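Please read the structure below before turning to the comments.
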Amino acid sequence: MLTRYRMAVVCQTVTEAVAHAGGLLCDRSLTGWDVRVFATRNDDGIDNDLALRILGAARAESLSEEPAADTLLRAIAVSESLYRDDPVVRRWVDEAIGEPLIEVLAWDSRGKDMRHVSIPVSRAAVVFVDHARAAVGCDTGPSASEPYCQWRTGRIRQPLPRPNVLTTVNGG
């Protein structure tokens, strides 16, 4: 059975997710990830599902009880303003930050204590994001990279095993 890593995107609206994290959403889905977008409110009169389908993502109706309960969840992208203003989202993201395998990224963050990263967007994703932005009526243009603050890397650093070296005597 093939398992797919999961990415959760937590935002106020789907338009916000497409505008700020569309390239990341598309690139992760193109590489086989299961990408879900949880929006706290709906955009009026906009076909959000079309934009998500263009990016290879789907809508999540709710957040899981605990991020650790989803054993394949490996990445979270969140709106920093939503994290700051919504206590439920803050608690959920804080629990994810405590998990060693989950990468946590935020857009719209101005935190000085955080690591700022720029994640490159593939050429294919730039095209898909351009169409998704048109679907939601977003006027920002495509970009070759997207800026984030990285709250947690999600990678466990372990020492590399010492390689077994086979040698022969007299070069034979």
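By convention here, the chains of the structure tokens are called A, B, ... in the order presented, each chain's residues are numbered starting at 1, and ligands are numbered starting at 1 in the order presented.
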
### Task
List every residue of chain A that DSSP, applied to the backbone of this structure, assigns to alpha helix (DSSP H), and report them as a ChimeraX atom specification.
/A:14-30,48-55,80-85,87-97,123-136

### Message
For Ala132 in chain A, find every residue with an atom within 7 Å (counting only C-alpha atoms), except residues of its own chain fewer than 5 positions away, and show them as an MDAnalysis selection string.
### Response
chainID A and resid 18 51 54:55

Based on the selection just made, write N, CA and C atoms of those residues as an mmCIF file, in the first residue's frame.
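again38.cif, written as the output of this step:
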```cif
data_model
loop_
_atom_site.group_PDB
_atom_site.id
_atom_site.type_symbol
_atom_site.label_atom_id
_atom_site.label_comp_id
_atom_site.auth_asym_id
_atom_site.auth_seq_id
_atom_site.Cartn_x
_atom_site.Cartn_y
_atom_site.Cartn_z
ATOM 1 N N VAL A 18 -4.209 30.521 -1.694
ATOM 2 C CA VAL A 18 -3.742 30.540 -3.081
ATOM 3 C C VAL A 18 -2.743 31.671 -3.289
ATOM 4 N N ALA A 51 -10.159 26.414 -7.680
ATOM 5 C CA ALA A 51 -8.777 26.843 -7.436
ATOM 6 C C ALA A 51 -7.984 25.755 -6.730
ATOM 7 N N ILE A 54 -7.175 22.968 -9.195
ATOM 8 C CA ILE A 54 -6.095 23.380 -10.093
ATOM 9 C C ILE A 54 -4.740 23.145 -9.426
ATOM 10 N N LEU A 55 -4.659 23.397 -8.135
ATOM 11 C CA LEU A 55 -3.395 23.224 -7.406
ATOM 12 C C LEU A 55 -3.170 21.798 -6.931
#
```

Give me the residues near Val35 in chain A as a CSV table (one decimal) with N, CA and C atoms, in the first residue's frame, where near means some atom within 8 Å (using only C-alpha atoms) and where sequence neighbours in that chain fewer than 3 positions away do not count.
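Generated output (selection38.csv):
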```
chain,number,residue,atom,x,y,z
A,6,ARG,N,1.2,14.0,4.2
A,6,ARG,CA,0.1,15.0,4.2
A,6,ARG,C,0.6,16.3,4.6
A,7,MET,N,0.0,17.3,4.0
A,7,MET,CA,0.3,18.7,4.3
A,7,MET,C,-1.1,19.4,4.6
A,8,ALA,N,-1.1,20.1,5.7
A,8,ALA,CA,-2.3,20.9,6.1
A,8,ALA,C,-2.0,22.4,6.0
A,9,VAL,N,-2.9,23.1,5.3
A,9,VAL,CA,-2.8,24.5,5.2
A,9,VAL,C,-4.0,25.1,5.9
A,25,LEU,N,1.7,24.6,-2.2
A,25,LEU,CA,0.6,23.6,-2.4
A,25,LEU,C,0.7,22.8,-3.6
A,28,ARG,N,3.9,20.5,-3.7
A,28,ARG,CA,3.8,19.3,-2.8
A,28,ARG,C,2.8,18.3,-3.4
A,29,SER,N,1.7,18.8,-4.0
A,29,SER,CA,0.7,17.8,-4.6
A,29,SER,C,1.3,17.2,-5.8
A,56,GLY,N,-4.2,20.9,-7.1
A,56,GLY,CA,-4.0,19.6,-6.6
A,56,GLY,C,-4.3,19.4,-5.2
A,57,ALA,N,-5.0,20.3,-4.6
A,57,ALA,CA,-5.4,20.3,-3.2
A,57,ALA,C,-6.9,20.0,-3.0
A,58,ALA,N,-7.3,19.8,-1.8
A,58,ALA,CA,-8.7,19.6,-1.5
A,58,ALA,C,-9.0,20.4,-0.2
```

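Every protein or nucleic acid residue with an atom no more than 12 Å from Ser64 in chain A, counting only C-alpha atoms and leaving out same-chain residues fewer than 6 positions away, appears here: Ala8, Val10, Arg36, Phe38, Asp70, Thr71, Leu73, Val88, Val89, Trp92, Val93, Glu95 and Ala96 of chain A.
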
### Task
Among the residues of chain A, find those DSSP assigns to strand (DSSP E) from the backbone and print them as a PyMOL selection string.
chain A and resi 6-11+34-39+57-59+73-79+103-107+115-120+145-152

### Task
Compile the contact shell of range 97-106 of chain A as a PyMOL selection string: residues with an atom at most 9 Å away, counting only C-alpha atoms, same-chain residues fewer than 3 positions apart removed.
chain A and resi 67-68+73-80+83+92-94+109+147-156

Neighbouring residues of Glu146 in chain A were defined as those with any atom within 12 Å, considering only C-alpha atoms; residues of the same chain fewer than 5 positions away were excluded. Please report them as a PDB file with N, CA, C and O atoms, in the first residue's frame.
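The resulting file, result-v2.pdb, is shown below:
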```pdb
ATOM      1  N   ALA A  17      -4.846  31.406   0.905  1.00  0.00           N
ATOM      2  CA  ALA A  17      -3.941  30.266   0.715  1.00  0.00           C
ATOM      3  C   ALA A  17      -3.371  30.256  -0.699  1.00  0.00           C
ATOM      4  O   ALA A  17      -2.179  30.018  -0.891  1.00  0.00           O
ATOM      5  N   VAL A  18      -4.209  30.521  -1.694  1.00  0.00           N
ATOM      6  CA  VAL A  18      -3.742  30.540  -3.081  1.00  0.00           C
ATOM      7  C   VAL A  18      -2.743  31.671  -3.289  1.00  0.00           C
ATOM      8  O   VAL A  18      -1.700  31.490  -3.930  1.00  0.00           O
ATOM      9  N   ALA A  19      -3.027  32.847  -2.729  1.00  0.00           N
ATOM     10  CA  ALA A  19      -2.157  34.004  -2.918  1.00  0.00           C
ATOM     11  C   ALA A  19      -0.804  33.841  -2.237  1.00  0.00           C
ATOM     12  O   ALA A  19       0.219  34.242  -2.776  1.00  0.00           O
ATOM     13  N   HIS A  20      -0.781  33.258  -1.048  1.00  0.00           N
ATOM     14  CA  HIS A  20       0.459  33.204  -0.269  1.00  0.00           C
ATOM     15  C   HIS A  20       1.190  31.874  -0.339  1.00  0.00           C
ATOM     16  O   HIS A  20       2.414  31.837  -0.177  1.00  0.00           O
ATOM     17  N   ALA A  21       0.473  30.781  -0.555  1.00  0.00           N
ATOM     18  CA  ALA A  21       1.109  29.457  -0.506  1.00  0.00           C
ATOM     19  C   ALA A  21       0.763  28.588  -1.703  1.00  0.00           C
ATOM     20  O   ALA A  21       0.974  27.386  -1.666  1.00  0.00           O
ATOM     21  N   GLY A  22       0.264  29.179  -2.766  1.00  0.00           N
ATOM     22  CA  GLY A  22      -0.161  28.401  -3.923  1.00  0.00           C
ATOM     23  C   GLY A  22       0.949  27.559  -4.534  1.00  0.00           C
ATOM     24  O   GLY A  22       0.737  26.413  -4.902  1.00  0.00           O
ATOM     25  N   GLY A  23       2.137  28.118  -4.645  1.00  0.00           N
ATOM     26  CA  GLY A  23       3.253  27.375  -5.218  1.00  0.00           C
ATOM     27  C   GLY A  23       3.647  26.179  -4.371  1.00  0.00           C
ATOM     28  O   GLY A  23       3.908  25.091  -4.891  1.00  0.00           O
ATOM     29  N   LEU A  24       3.687  26.375  -3.070  1.00  0.00           N
ATOM     30  CA  LEU A  24       4.014  25.278  -2.156  1.00  0.00           C
ATOM     31  C   LEU A  24       2.948  24.187  -2.228  1.00  0.00           C
ATOM     32  O   LEU A  24       3.263  23.002  -2.292  1.00  0.00           O
ATOM     33  N   LEU A  25       1.678  24.579  -2.233  1.00  0.00           N
ATOM     34  CA  LEU A  25       0.575  23.622  -2.352  1.00  0.00           C
ATOM     35  C   LEU A  25       0.713  22.797  -3.630  1.00  0.00           C
ATOM     36  O   LEU A  25       0.617  21.563  -3.610  1.00  0.00           O
ATOM     37  N   ASP A  27       3.384  22.363  -5.696  1.00  0.00           N
ATOM     38  CA  ASP A  27       4.590  21.534  -5.773  1.00  0.00           C
ATOM     39  C   ASP A  27       4.493  20.303  -4.881  1.00  0.00           C
ATOM     40  O   ASP A  27       4.911  19.214  -5.274  1.00  0.00           O
ATOM     41  N   ALA A  77       1.315  24.675   6.817  1.00  0.00           N
ATOM     42  CA  ALA A  77       1.522  26.070   6.455  1.00  0.00           C
ATOM     43  C   ALA A  77       0.339  26.834   7.032  1.00  0.00           C
ATOM     44  O   ALA A  77      -0.809  26.425   6.872  1.00  0.00           O
ATOM     45  N   LEU A 105       5.401  26.031   8.782  1.00  0.00           N
ATOM     46  CA  LEU A 105       5.738  27.267   8.081  1.00  0.00           C
ATOM     47  C   LEU A 105       4.614  28.269   8.266  1.00  0.00           C
ATOM     48  O   LEU A 105       3.450  27.888   8.411  1.00  0.00           O
ATOM     49  N   ALA A 106       4.960  29.556   8.247  1.00  0.00           N
ATOM     50  CA  ALA A 106       3.946  30.610   8.351  1.00  0.00           C
ATOM     51  C   ALA A 106       4.226  31.676   7.300  1.00  0.00           C
ATOM     52  O   ALA A 106       5.382  32.004   7.028  1.00  0.00           O
ATOM     53  N   TRP A 107       3.165  32.189   6.708  1.00  0.00           N
ATOM     54  CA  TRP A 107       3.330  33.332   5.821  1.00  0.00           C
ATOM     55  C   TRP A 107       2.790  34.564   6.519  1.00  0.00           C
ATOM     56  O   TRP A 107       2.097  34.473   7.519  1.00  0.00           O
ATOM     57  N   ASP A 108       3.114  35.723   6.008  1.00  0.00           N
ATOM     58  CA  ASP A 108       2.727  37.014   6.600  1.00  0.00           C
ATOM     59  C   ASP A 108       3.301  37.197   7.993  1.00  0.00           C
ATOM     60  O   ASP A 108       2.695  37.860   8.833  1.00  0.00           O
ATOM     61  N   HIS A 116      13.715  32.912   8.511  1.00  0.00           N
ATOM     62  CA  HIS A 116      13.049  33.285   7.270  1.00  0.00           C
ATOM     63  C   HIS A 116      13.615  32.435   6.136  1.00  0.00           C
ATOM     64  O   HIS A 116      14.831  32.341   5.973  1.00  0.00           O
ATOM     65  N   VAL A 117      12.724  31.820   5.376  1.00  0.00           N
ATOM     66  CA  VAL A 117      13.131  30.982   4.247  1.00  0.00           C
ATOM     67  C   VAL A 117      12.349  31.400   3.012  1.00  0.00           C
ATOM     68  O   VAL A 117      11.246  31.924   3.102  1.00  0.00           O
ATOM     69  N   SER A 118      12.959  31.160   1.872  1.00  0.00           N
ATOM     70  CA  SER A 118      12.307  31.410   0.600  1.00  0.00           C
ATOM     71  C   SER A 118      12.267  30.072  -0.132  1.00  0.00           C
ATOM     72  O   SER A 118      13.303  29.516  -0.472  1.00  0.00           O
ATOM     73  N   ILE A 119      11.069  29.556  -0.342  1.00  0.00           N
ATOM     74  CA  ILE A 119      10.914  28.242  -0.957  1.00  0.00           C
ATOM     75  C   ILE A 119      10.682  28.435  -2.458  1.00  0.00           C
ATOM     76  O   ILE A 119       9.732  29.109  -2.860  1.00  0.00           O
ATOM     77  N   PRO A 120      11.564  27.857  -3.284  1.00  0.00           N
ATOM     78  CA  PRO A 120      11.399  28.015  -4.733  1.00  0.00           C
ATOM     79  C   PRO A 120      10.145  27.310  -5.239  1.00  0.00           C
ATOM     80  O   PRO A 120       9.729  26.295  -4.701  1.00  0.00           O
ATOM     81  N   VAL A 121       9.575  27.886  -6.277  1.00  0.00           N
ATOM     82  CA  VAL A 121       8.366  27.338  -6.902  1.00  0.00           C
ATOM     83  C   VAL A 121       8.758  26.828  -8.288  1.00  0.00           C
ATOM     84  O   VAL A 121       9.421  27.532  -9.051  1.00  0.00           O
ATOM     85  N   SER A 122       8.360  25.607  -8.624  1.00  0.00           N
ATOM     86  CA  SER A 122       8.692  25.038  -9.930  1.00  0.00           C
ATOM     87  C   SER A 122       7.988  25.809 -11.046  1.00  0.00           C
ATOM     88  O   SER A 122       6.993  26.503 -10.812  1.00  0.00           O
ATOM     89  N   ALA A 125       4.411  24.745 -11.337  1.00  0.00           N
ATOM     90  CA  ALA A 125       3.564  25.305 -10.288  1.00  0.00           C
ATOM     91  C   ALA A 125       3.236  26.769 -10.568  1.00  0.00           C
ATOM     92  O   ALA A 125       2.130  27.221 -10.278  1.00  0.00           O
ATOM     93  N   VAL A 126       4.178  27.521 -11.134  1.00  0.00           N
ATOM     94  CA  VAL A 126       3.913  28.926 -11.465  1.00  0.00           C
ATOM     95  C   VAL A 126       2.725  29.029 -12.415  1.00  0.00           C
ATOM     96  O   VAL A 126       1.843  29.876 -12.250  1.00  0.00           O
ATOM     97  N   VAL A 129      -0.502  27.983 -10.461  1.00  0.00           N
ATOM     98  CA  VAL A 129      -0.861  29.029  -9.497  1.00  0.00           C
ATOM     99  C   VAL A 129      -1.473  30.218 -10.217  1.00  0.00           C
ATOM    100  O   VAL A 129      -2.434  30.827  -9.726  1.00  0.00           O
ATOM    101  N   GLY A 141       0.742  38.550  -9.061  1.00  0.00           N
ATOM    102  CA  GLY A 141       1.355  37.739 -10.106  1.00  0.00           C
ATOM    103  C   GLY A 141       2.137  36.577  -9.547  1.00  0.00           C
ATOM    104  O   GLY A 141       2.464  36.534  -8.363  1.00  0.00           O
TER     105      GLY A 141
END
```

### Task
For CA of Glu61 in chain A and CA of Arg41 in chain A, determine how far apart the two atoms are, in Å to one decimal place.
10.9 Å

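In this model, the gap between CA of Leu30 in chain A and CA of Ala69 in chain A comes to 24.8 Å.
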
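The shortest atom-to-atom distance to Ala134 in chain A, with only C-alpha atoms taken into account, belongs to A:Asn48 out of A:Asn48, A:Thr3, A:Thr40, A:Ser62.
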
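When CA of Ala135 in chain A is paired with CA of Arg110 in chain A, their separation reads 28.6 Å.
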
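Among the candidate residues A:Tyr5, A:Asp47, A:Arg91, A:Thr13, the one lying nearest to Gly32 in chain A is A:Tyr5, with distances computed using only C-alpha atoms.
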
Residues within 8 Å of Arg4 in chain A, please, as a tab-separated table (two decimals) with all heavy atoms, in the first residue's frame. Count only C-alpha atoms; anything in the same chain fewer than 4 positions from it doesn't count.
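What ended up in selection.tsv:
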```tsv
chain	number	residue	atom	x	y	z
A	32	GLY	N	3.26	14.11	-5.03
A	32	GLY	CA	2.54	12.99	-4.45
A	32	GLY	C	1.99	13.21	-3.05
A	32	GLY	O	1.45	12.28	-2.46
A	33	TRP	N	2.09	14.41	-2.51
A	33	TRP	CA	1.56	14.67	-1.18
A	33	TRP	C	0.05	14.84	-1.25
A	33	TRP	O	-0.51	15.28	-2.25
A	33	TRP	CB	2.17	15.95	-0.61
A	33	TRP	CG	3.59	15.85	-0.19
A	33	TRP	CD1	4.65	15.41	-0.93
A	33	TRP	CD2	4.12	16.22	1.07
A	33	TRP	NE1	5.80	15.49	-0.20
A	33	TRP	CE2	5.51	15.99	1.03
A	33	TRP	CE3	3.57	16.73	2.23
A	33	TRP	CZ2	6.34	16.24	2.10
A	33	TRP	CZ3	4.41	17.00	3.31
A	33	TRP	CH2	5.78	16.74	3.24
A	34	ASP	N	-0.62	14.53	-0.15
A	34	ASP	CA	-2.05	14.78	0.02
A	34	ASP	C	-2.16	16.13	0.71
A	34	ASP	O	-1.80	16.27	1.88
A	34	ASP	CB	-2.66	13.67	0.88
A	34	ASP	CG	-4.14	13.89	1.12
A	34	ASP	OD1	-4.78	14.60	0.33
A	34	ASP	OD2	-4.65	13.34	2.11
A	72	LEU	N	0.80	10.56	9.18
A	72	LEU	CA	1.43	10.94	7.92
A	72	LEU	C	1.52	12.44	7.71
A	72	LEU	O	2.03	12.89	6.69
A	72	LEU	CB	0.70	10.28	6.74
A	72	LEU	CG	0.79	8.76	6.70
A	72	LEU	CD1	-0.07	8.20	5.58
A	72	LEU	CD2	2.23	8.31	6.55
```
